[in-house]
Amino acid sequence: MKHSVQKKIKLARWQTYILYFFIFAFMGWLMETIYALFSLGHFVKRGFLYGPICPIYGYGALMLILFLGKYKHKDLPLFIYAAIIFSTFEYIVSFGLDALFSMHWWDYTGEFMNLNGRISAFYSFAWGIIAILFINHIYPFLKKKLNLILSKIPYGLQSFILKIFSFTFILDTVASCVRYLV
């Protein structure tokens with residue numbers, strides 16, 4: 001008697017990247033919220049969106065995975081590229097949010113070597129260190145755990161959850177833009 005082995009359908013690579021976006025955007029929101037809780041002593045809603053994600057962290061994680069992943073265990077170039085790329089990205093996002101909504105979500109004016117309060121030497125250094133930790137440790141660990149979890153969830157359910165997350169993110173983005181433009 002032959003046993004047919006059914007190949008398990010997995011998310012496409014692009015779908016997995018969208019899932020990483022949501023995971024890291026949520027982790028960024030959580031990190032920001034915990035930081036604000038400890039530094040201010042009370043809960044403060046963090047980020048642009050209504051929901052519990054900070055897209056800048058999701059996009060940043062994807063940039064690291066897609067463009068700087070090849071520098072795993074090459075700490076000096078990873079640090080330098082990440083510091084430059086993420087400082088530029090942070091500056092552009094800050095400028096864009098200010099231009100569109102006339103609001104500042106962060107201000108480094110009091111920081112040493114800041115540029116228009118949008119970026120600073122300290123945070124540029126921090127992005128370099130975070131990139132090293134992310135590429136060498138956080139992402140490989142999370143990727144392994146996520147693959148294990150996804151292997152136990154049927155493809156149809158994974159796809160459905162991803163569609164719900166994406167739809168909710170789009171609605172949240174539109175609603176948040178309307179809120180800040182009105």
# chains A, B, ... in the order shown; residues from 1 in each chain; ligands from 1
>>> residues_around(residues="A:Tyr123", least_positions_apart="4", cutoff="8 Å", atoms="only C-alpha atoms", output="VMD selection string")
chain A and resid 87 119 127
>>> write_last_selection(atoms="C-alpha atoms", output="tab-separated table (two decimals), in the first residue's frame")
chain	number	residue	atom	x	y	z
A	87	SER	CA	19.23	57.81	10.05
A	119	ILE	CA	17.97	62.57	13.84
A	127	TRP	CA	20.44	52.01	14.94
>>> closest_atom_pairs(of="stretch 49-80 of chain A", to="stretch 148-167 of chain A", cutoff="12 Å", atoms="only C-alpha atoms", output="CSV")
residue,atom,partner,partner_atom,distance
A:Gly51,CA,A:Phe165,CA,10.8
A:Pro52,CA,A:Phe165,CA,11.7
A:Ile53,CA,A:Phe165,CA,11.0
>>> atom_distance(atom1="atom CA of A:Leu62", atom2="atom CA of A:Thr173")
18.6 Å
>>> atom_distance(atom1="atom CA of A:Tyr71", atom2="atom CA of A:Ile132")
8.9 Å
>>> select_by_dssp(residues="stretch 45-166 of chain A", states="helix (DSSP H, G or I)", output="PyMOL selection string")
chain A and resi 55-71+75-101+121-150+155-166
>>> closest_residue(among="A:Trp14, A:Glu111, A:Ile56, A:Phe141", to="A:Met27", atoms="only C-alpha atoms")
A:Ile56
>>> residues_around(residues="A:Ile23", least_positions_apart="3", cutoff="10 Å", atoms="only C-alpha atoms", output="list in words")
Tyr17, Ile18, Leu19, Tyr20, Phe26, Met27, Gly28, Trp29, Ile53, Tyr57, Gly58, Ala61 and Leu142 of chain A
>>> write_last_selection(atoms="C-alpha atoms", output="short mmCIF file (atom, residue, chain, number, x, y, z; two decimals), in the first residue's frame")
data_model
loop_
_atom_site.label_atom_id
_atom_site.label_comp_id
_atom_site.auth_asym_id
_atom_site.auth_seq_id
_atom_site.Cartn_x
_atom_site.Cartn_y
_atom_site.Cartn_z
CA TYR A 17 7.66 39.40 4.72
CA ILE A 18 4.27 40.98 5.34
CA LEU A 19 3.93 38.84 8.46
CA TYR A 20 7.39 39.97 9.61
CA PHE A 26 3.98 45.42 16.92
CA MET A 27 7.26 44.75 18.75
CA GLY A 28 8.35 48.33 18.01
CA TRP A 29 5.06 49.67 19.38
CA ILE A 53 1.81 48.94 15.71
CA TYR A 57 9.76 49.48 12.93
CA GLY A 58 8.10 47.04 10.54
CA ALA A 61 12.95 45.32 9.99
CA LEU A 142 12.29 34.75 15.54
#
>>> residues_around(residues="A:Leu115", least_positions_apart="6", cutoff="12 Å", atoms="only C-alpha atoms", output="ChimeraX atom specification")
/A:87-88,90-92,94-95,107-109,121-124
>>> select_by_dssp(residues="stretch 2-181 of chain A", states="strand (DSSP E)", output="JSON, numbers by chain")
{"A": [114, 115, 119, 120]}
>>> atom_distance(atom1="atom CA of A:Met103", atom2="atom CA of A:Asn116")
14.0 Å
>>> closest_residue(among="A:Ala126, A:Ala175, A:Leu66, A:Val182", to="A:Ile80", atoms="only C-alpha atoms")
A:Ala126
>>> residues_around(residues="A:His73", least_positions_apart="5", cutoff="10 Å", atoms="only C-alpha atoms", output="PDB file with all heavy atoms, in the first residue's frame")
ATOM      1  N   LEU A  78      27.888  46.266   8.707  1.00  0.00           N
ATOM      2  CA  LEU A  78      26.475  46.270   9.097  1.00  0.00           C
ATOM      3  C   LEU A  78      26.166  47.497   9.943  1.00  0.00           C
ATOM      4  O   LEU A  78      25.177  48.195   9.705  1.00  0.00           O
ATOM      5  CB  LEU A  78      26.122  44.983   9.851  1.00  0.00           C
ATOM      6  CG  LEU A  78      24.698  44.860  10.375  1.00  0.00           C
ATOM      7  CD1 LEU A  78      23.670  44.994   9.264  1.00  0.00           C
ATOM      8  CD2 LEU A  78      24.535  43.522  11.096  1.00  0.00           C
ATOM      9  N   ILE A 132      22.958  45.171  14.339  1.00  0.00           N
ATOM     10  CA  ILE A 132      23.829  44.028  14.641  1.00  0.00           C
ATOM     11  C   ILE A 132      23.079  42.992  15.477  1.00  0.00           C
ATOM     12  O   ILE A 132      23.106  41.792  15.162  1.00  0.00           O
ATOM     13  CB  ILE A 132      25.114  44.496  15.373  1.00  0.00           C
ATOM     14  CG1 ILE A 132      25.990  45.307  14.415  1.00  0.00           C
ATOM     15  CG2 ILE A 132      25.884  43.302  15.946  1.00  0.00           C
ATOM     16  CD1 ILE A 132      27.135  46.045  15.081  1.00  0.00           C
ATOM     17  N   LEU A 133      22.400  43.446  16.510  1.00  0.00           N
ATOM     18  CA  LEU A 133      21.630  42.528  17.350  1.00  0.00           C
ATOM     19  C   LEU A 133      20.502  41.870  16.551  1.00  0.00           C
ATOM     20  O   LEU A 133      20.239  40.674  16.688  1.00  0.00           O
ATOM     21  CB  LEU A 133      21.057  43.259  18.557  1.00  0.00           C
ATOM     22  CG  LEU A 133      22.074  43.779  19.570  1.00  0.00           C
ATOM     23  CD1 LEU A 133      21.393  44.647  20.616  1.00  0.00           C
ATOM     24  CD2 LEU A 133      22.809  42.619  20.218  1.00  0.00           C
ATOM     25  N   ILE A 135      20.120  41.416  13.105  1.00  0.00           N
ATOM     26  CA  ILE A 135      20.546  40.512  12.032  1.00  0.00           C
ATOM     27  C   ILE A 135      21.230  39.261  12.582  1.00  0.00           C
ATOM     28  O   ILE A 135      21.034  38.160  12.075  1.00  0.00           O
ATOM     29  CB  ILE A 135      21.464  41.246  11.027  1.00  0.00           C
ATOM     30  CG1 ILE A 135      20.656  42.251  10.211  1.00  0.00           C
ATOM     31  CG2 ILE A 135      22.203  40.270  10.114  1.00  0.00           C
ATOM     32  CD1 ILE A 135      19.576  41.650   9.325  1.00  0.00           C
ATOM     33  N   ASN A 136      22.037  39.408  13.626  1.00  0.00           N
ATOM     34  CA  ASN A 136      22.792  38.274  14.146  1.00  0.00           C
ATOM     35  C   ASN A 136      22.019  37.420  15.144  1.00  0.00           C
ATOM     36  O   ASN A 136      22.340  36.237  15.295  1.00  0.00           O
ATOM     37  CB  ASN A 136      24.085  38.749  14.805  1.00  0.00           C
ATOM     38  CG  ASN A 136      25.050  39.343  13.802  1.00  0.00           C
ATOM     39  OD1 ASN A 136      25.031  39.006  12.630  1.00  0.00           O
ATOM     40  ND2 ASN A 136      25.886  40.250  14.254  1.00  0.00           N
ATOM     41  N   HIS A 137      21.013  37.978  15.818  1.00  0.00           N
ATOM     42  CA  HIS A 137      20.359  37.237  16.899  1.00  0.00           C
ATOM     43  C   HIS A 137      18.826  37.252  16.843  1.00  0.00           C
ATOM     44  O   HIS A 137      18.202  36.200  16.844  1.00  0.00           O
ATOM     45  CB  HIS A 137      20.822  37.780  18.261  1.00  0.00           C
ATOM     46  CG  HIS A 137      22.301  37.765  18.421  1.00  0.00           C
ATOM     47  ND1 HIS A 137      23.024  36.607  18.600  1.00  0.00           N
ATOM     48  CD2 HIS A 137      23.206  38.773  18.394  1.00  0.00           C
ATOM     49  CE1 HIS A 137      24.318  36.895  18.685  1.00  0.00           C
ATOM     50  NE2 HIS A 137      24.457  38.200  18.566  1.00  0.00           N
TER      51      HIS A 137
END
>>> residues_around(residues="A:Leu181", least_positions_apart="6", cutoff="10 Å", atoms="only C-alpha atoms", output="mmCIF file with C-alpha atoms, in the first residue's frame")
data_model
loop_
_atom_site.group_PDB
_atom_site.id
_atom_site.type_symbol
_atom_site.label_atom_id
_atom_site.label_comp_id
_atom_site.auth_asym_id
_atom_site.auth_seq_id
_atom_site.Cartn_x
_atom_site.Cartn_y
_atom_site.Cartn_z
ATOM 1 C CA LEU A 100 1.823 66.073 5.645
ATOM 2 C CA PHE A 101 0.404 66.517 9.131
ATOM 3 C CA SER A 102 2.367 69.409 10.715
ATOM 4 C CA ALA A 175 -8.524 56.487 9.520
#
